[in-house]
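First comes the structure, then the notes that go with it.
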Amino acid sequence: MQAQSEPLNAAGLRRDGLIERLSLFGLASPAMLLILVILVVPVGWLFYVSFMGADGSFSLENYERMIDRKSYRRIFGTTFQVSFLTTGLCIMIGYPLAYFMSQLPDRLANIALITVLLPFWTSLLVRTYAWLVLLQKQGLVNNWAISLGLWEEPIKMVHNMTGTLIGMVHIMLPFLILPVYGSMRAINRDLMKAASNLGAHPRRAFWDVFFPLTMPGLSAGALMVFILCLGFFVTPAVLGGGKVIMVSMKIVSNIELFVNWGAASALGVVLLVMTMIILWIASRFLKLENIAGGGH
Amino acid sequence: MNWLKRPATETQVTHGQRLWLYILAGVVMILLVLPTLIVIPMSFSDSQYLEFPPETWSTRWYGHYFGSPEWMRATVTSLKVAVLTMLVATPVGVLAAYGLHASNVAFVRAAFVLMLTPMMVPLVLVAIGAFYAYVQLQLLYTVTGLVLAHTVLALPLVVIVTGSALKSYDMSQENAARSLGAPRWKAFLTVTLPQIKFGVITAGLLSFLTSFDEVVVAMFISGGDNPTLTRNMFNALRDQIDPTIASISTIMILVTTFMMVLAQTLGQDRKPK
């Protein structure tokens with residue numbers, strides 16, 4: 001009797017288990033449905049439109065334009081230039097700050113952390129506006145610099161590349177500092193003692209022991225910053241003053257001014273593919289959740 | 001200055017040798033916070049050209065803001081959309097995070113990646129995609145449309161924050177409740193939810209801020225009777241430096257700080273670890 005009913009029971013249990021797991025999975029369906037309808041399907045449609053010519057038939061003209069026209073090549077050049085420079089500056093400024101914070105006692109470190117979290121939470125538009133006010137010709141920075149005798153005439157620091165970079169670095173810094181700081185706090189201090197015990201100079205101990213251990217945090221942060229920069233719109237649009245044109249701004253003007261969905265979609269597809277390639281390469285070294293969660 | 005000659009810790013160079021680090025860190029911390037905060041006193045300046053420190057103080061730019069029906073309408077829209085986004089994104093995201101956590105079917109990982117797409121797809125692309133879709137669905141310039149789009153943007157944050165709260169929670173507690181006869185939903189509500197509530201509260205506040213601060217998507221799909229505050233601010237910024245924006249910025253900073261304090265007090269797990 002028993003031998004006969006047991007496989008039946010096991011199969012039944014397995015089936016029940018599967019049904020239960022599937023219905024649990026079903027709890028995620030409202031969220032997935034929303035993302036599909038509002039995001040995935042429309043982006044898929046943009047992909048389709050990007051392969052349509054002006055007359056509505058299949059054509060590669062939207063992509064050919066990007067290769068042929070000098071203005072488009074310059075836009076991609078600017079986008080990469082801004083992204084690389086912002087990421088580089090964030091590493092150079094953010095890494096030492098994270099290092100400094102990681103060595104403070106807990107209470108002081110938490111206070112220092114607020115200086116990173118406060119801008120992180122503050123609206124990006126407000127921060128961009130603040131820099132616009134500070135950096136303009138009659139702005140605070142020019143006024144102070146002149147009264148201190150640093151320079152004679154007001155310098156143009158906004159509506160150009162300088163302003164864009166200042167604003168971008170300010171906005172991106174927390175995205176770099178937080179994961180780097182996290183990985184530094186997790187390092188076992190005894191490792192540094194061991195290195196010193198074996199005769200390493202503090203500098204050598206830093207570069208051979210400490211620095212490699214912060215690489216996961218640093219690469220996650222730098223990657224996050226770079227990807228966010230590639231598609232950034234608000235800050236370059238306000239602080240660049242029309243002189244720094246990035247891909248995202250060209251997409252917007254293609255829709256708003258020229259109502260050219262084909263051209264805008266093709267640019268969007270290229271932007272998306274670049275982002276995906278970078279993420280794909282990175283996901284072979286890092287866990288995707290860590291990159292996404294890196295900023296929080 | 002004896003302190004400068006002492007090593008920073010027993011294995012490090014002396015304080016004097018890394019004085020540059022202290023100076024750099026100090027300057028960067030000031031630069032991180034000050035530019036935003038300086039807008040607050042500037043907004044109380046009487047002059048057309050925002051000055052610091054203001055020569056004469058006044059609240060005329062606040063009067064300007066509160067007296068303008070357009071700014072008021074935009075503020076109401078933004079607050080309404082942000083609250084609704086929080087109320088939609090939090091339960092939908094928590095359900096999704098719980099479902100993905102508890103069910104271990106083969107495609108959970110793929111579903112998780114799908115949940116994160118709103119974070120990975122460039123915002124401009126989300127914006128023009130939603131713009132196109134809303135023209136078809138007749139959701140353009142509606143509060144419903146804005147709430148749905150902002151919910152999509154907030155979902156990855158809710159799923160990540162709730163997911164990490166669930167990871168540090170022991171699911172066998174819920175199983176114990178169920179083996180004692182509680183149905184699954186009741187076990188979740190009475191046993192699991194109270195233990196992940198800090199994560200859920202943080203997720204809710206984050207979705208509010210995501211919506212309240214969002215510019216690019218709102219630029220395309222808000223307008224008409226329902227422009228958001230950020231959309232109007234952005235358009236005003238492109239034209240000229242309007243001092244009214246300084247007063248609005250100050251109010252936005254206050255809202256954000258309030259949310260941050262709320263998250264710190266409500267969202268922090270005070271249990272000893």
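Identifiers in this document derive from the order of the structure tokens: chains are assigned A, B, ..., residues are numbered from 1 separately in each chain, and ligands are numbered from 1 in order of occurrence.
All residues of protein, DNA or RNA that reach within 12 Å of A:Ala194, judged by only C-alpha atoms and not counting those fewer than 3 positions away in the chain, are A:Asn188, A:Arg189, A:Asp190, A:Leu191, A:Asn197, A:Leu198, A:Gly199, A:Ala200, A:His201, A:Pro202, A:Ala205, A:Phe206, A:Val209, A:Phe210, B:Glu10, B:Thr11.
Omitting A:Leu27 and its sequence neighbours fewer than 3 positions away, and counting only C-alpha atoms, the residues within 12 Å are Glu20, Arg21, Leu22, Ser23, Leu24, Pro30, Ala31, Met32 and Leu33 of chain A; Pro91, Val92, Gly93, Val94, Leu95, Ala96, Ala97, Tyr98, Gly99, Leu100, His101, Ala102, Ser103, Val108, Ala111 and Trp185 of chain B.
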Inset, instruction - Determine which residues of stretch 6-73 of chain B receive a DSSP assignment of strand (DSSP E or B), computed from the backbone, and state them as a list in words. - result: Pro7, Thr14, Ser45 and Trp57 of chain B
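Nearest to B:Pro41 of all the residues B:Asn235, B:Ser249, B:Thr75, B:Gln264 is B:Ser249, based on only C-alpha atoms.
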Inset, instruction - Tell me the residues of chain A close to chain B, meaning within 6 Å using only C-alpha atoms, as number ranges by chain. - result: A: 21, 24-25, 27-28, 31, 35, 38, 42-43, 97, 115, 123, 126-127, 130, 196, 202, 231, 268
Just-selected residues, N, CA and C atoms written as an mmCIF file, in the first residue's frame:
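The resulting file, selection39.cif, is reproduced below:
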data_model
loop_
_atom_site.group_PDB
_atom_site.id
_atom_site.type_symbol
_atom_site.label_atom_id
_atom_site.label_comp_id
_atom_site.auth_asym_id
_atom_site.auth_seq_id
_atom_site.Cartn_x
_atom_site.Cartn_y
_atom_site.Cartn_z
ATOM 1 N N ARG A 21 4.759 28.232 -5.639
ATOM 2 C CA ARG A 21 5.856 29.124 -6.010
ATOM 3 C C ARG A 21 5.463 30.021 -7.181
ATOM 4 N N LEU A 24 3.247 32.724 -5.878
ATOM 5 C CA LEU A 24 4.074 33.731 -5.201
ATOM 6 C C LEU A 24 4.730 34.640 -6.236
ATOM 7 N N PHE A 25 5.222 33.995 -7.282
ATOM 8 C CA PHE A 25 5.843 34.770 -8.353
ATOM 9 C C PHE A 25 4.819 35.729 -8.950
ATOM 10 N N LEU A 27 2.760 37.465 -7.488
ATOM 11 C CA LEU A 27 2.676 38.707 -6.715
ATOM 12 C C LEU A 27 3.480 39.821 -7.376
ATOM 13 N N ALA A 28 4.492 39.424 -8.142
ATOM 14 C CA ALA A 28 5.321 40.420 -8.804
ATOM 15 C C ALA A 28 4.701 40.895 -10.107
ATOM 16 N N ALA A 31 3.793 44.763 -10.762
ATOM 17 C CA ALA A 31 4.988 45.569 -10.985
ATOM 18 C C ALA A 31 5.563 45.303 -12.372
ATOM 19 N N ILE A 35 5.929 47.943 -15.646
ATOM 20 C CA ILE A 35 7.211 48.222 -16.305
ATOM 21 C C ILE A 35 7.130 47.864 -17.784
ATOM 22 N N ILE A 38 4.606 50.615 -19.534
ATOM 23 C CA ILE A 38 5.054 52.017 -19.546
ATOM 24 C C ILE A 38 6.460 52.146 -20.102
ATOM 25 N N PRO A 42 6.983 50.699 -25.048
ATOM 26 C CA PRO A 42 7.294 51.942 -25.769
ATOM 27 C C PRO A 42 8.733 52.006 -26.264
ATOM 28 N N VAL A 43 9.684 51.520 -25.458
ATOM 29 C CA VAL A 43 11.080 51.553 -25.915
ATOM 30 C C VAL A 43 11.256 50.598 -27.094
ATOM 31 N N LEU A 97 38.212 61.537 -0.149
ATOM 32 C CA LEU A 97 37.216 61.897 0.876
ATOM 33 C C LEU A 97 36.663 60.641 1.548
ATOM 34 N N THR A 115 27.215 65.126 5.061
ATOM 35 C CA THR A 115 27.612 66.078 4.012
ATOM 36 C C THR A 115 27.557 65.422 2.638
ATOM 37 N N SER A 123 17.082 67.787 -4.453
ATOM 38 C CA SER A 123 16.692 67.797 -5.861
ATOM 39 C C SER A 123 17.842 68.237 -6.748
ATOM 40 N N VAL A 126 17.496 71.742 -8.083
ATOM 41 C CA VAL A 126 17.869 72.780 -7.120
ATOM 42 C C VAL A 126 19.385 72.944 -7.085
ATOM 43 N N ARG A 127 20.105 71.825 -7.104
ATOM 44 C CA ARG A 127 21.569 71.909 -7.049
ATOM 45 C C ARG A 127 22.129 72.529 -8.317
ATOM 46 N N ALA A 130 21.569 76.173 -8.079
ATOM 47 C CA ALA A 130 22.509 76.807 -7.149
ATOM 48 C C ALA A 130 23.820 77.126 -7.849
ATOM 49 N N SER A 196 52.255 46.040 7.759
ATOM 50 C CA SER A 196 53.259 46.849 8.431
ATOM 51 C C SER A 196 54.231 45.949 9.197
ATOM 52 N N PRO A 202 54.027 52.480 5.043
ATOM 53 C CA PRO A 202 52.591 52.789 4.956
ATOM 54 C C PRO A 202 52.104 52.981 3.520
ATOM 55 N N GLY A 231 23.670 59.385 -20.164
ATOM 56 C CA GLY A 231 22.304 59.752 -20.510
ATOM 57 C C GLY A 231 21.826 61.012 -19.820
ATOM 58 N N GLY A 268 18.479 57.322 -29.330
ATOM 59 C CA GLY A 268 18.123 56.651 -28.088
ATOM 60 C C GLY A 268 18.567 55.199 -28.087
#
Inset, instruction - Do a neighbour search on A:Met101 at 9 Å with only C-alpha atoms, toss out local chain neighbours closer than 3 positions, and write the hits as a ChimeraX atom specification. - result: /A:96-98,104-105,108-110,112-113,181 /B:25
Residues as selected, N, CA and C atoms, written as an mmCIF file, in the first residue's frame, can you do that?
data_model
loop_
_atom_site.group_PDB
_atom_site.id
_atom_site.type_symbol
_atom_site.label_atom_id
_atom_site.label_comp_id
_atom_site.auth_asym_id
_atom_site.auth_seq_id
_atom_site.Cartn_x
_atom_site.Cartn_y
_atom_site.Cartn_z
ATOM 1 N N PRO A 96 39.720 60.102 -2.079
ATOM 2 C CA PRO A 96 40.357 60.594 -0.846
ATOM 3 C C PRO A 96 39.354 60.951 0.249
ATOM 4 N N LEU A 97 38.212 61.537 -0.149
ATOM 5 C CA LEU A 97 37.216 61.897 0.876
ATOM 6 C C LEU A 97 36.663 60.641 1.548
ATOM 7 N N ALA A 98 36.358 59.627 0.732
ATOM 8 C CA ALA A 98 35.852 58.372 1.303
ATOM 9 C C ALA A 98 36.899 57.770 2.244
ATOM 10 N N LEU A 104 37.598 57.971 10.269
ATOM 11 C CA LEU A 104 37.087 58.708 11.412
ATOM 12 C C LEU A 104 36.412 57.743 12.377
ATOM 13 N N PRO A 105 36.387 58.125 13.672
ATOM 14 C CA PRO A 105 35.585 57.322 14.604
ATOM 15 C C PRO A 105 34.110 57.384 14.205
ATOM 16 N N LEU A 108 31.920 60.708 14.346
ATOM 17 C CA LEU A 108 32.339 61.744 13.396
ATOM 18 C C LEU A 108 32.080 61.305 11.959
ATOM 19 N N ALA A 109 32.275 60.007 11.695
ATOM 20 C CA ALA A 109 32.046 59.502 10.338
ATOM 21 C C ALA A 109 30.601 59.697 9.937
ATOM 22 N N ASN A 110 29.673 59.505 10.894
ATOM 23 C CA ASN A 110 28.261 59.691 10.566
ATOM 24 C C ASN A 110 27.947 61.139 10.243
ATOM 25 N N ALA A 112 30.159 63.270 8.982
ATOM 26 C CA ALA A 112 30.761 63.511 7.666
ATOM 27 C C ALA A 112 29.877 62.917 6.573
ATOM 28 N N LEU A 113 29.253 61.791 6.886
ATOM 29 C CA LEU A 113 28.398 61.125 5.902
ATOM 30 C C LEU A 113 27.198 62.005 5.532
ATOM 31 N N TYR A 181 33.098 54.189 0.123
ATOM 32 C CA TYR A 181 33.117 54.269 1.579
ATOM 33 C C TYR A 181 32.674 52.942 2.186
ATOM 34 N N ALA B 25 39.725 66.888 2.038
ATOM 35 C CA ALA B 25 38.446 66.360 2.521
ATOM 36 C C ALA B 25 37.576 67.486 3.058
#
Legend entry - Nearest candidate to A:Tyr95 (options A:Gln136, A:Gln81, A:Thr128, A:Ser183; using only C-alpha atoms): A:Ser183
Legend entry - Backbone DSSP call of alpha helix (DSSP H) for stretch 34-270 of chain B, listed as a ChimeraX atom specification: /B:34-37,39-42,60-67,69-102,108-120,123-137,143-167,172-179,184-187,193-195,197-213,216-221,229-239,244-266
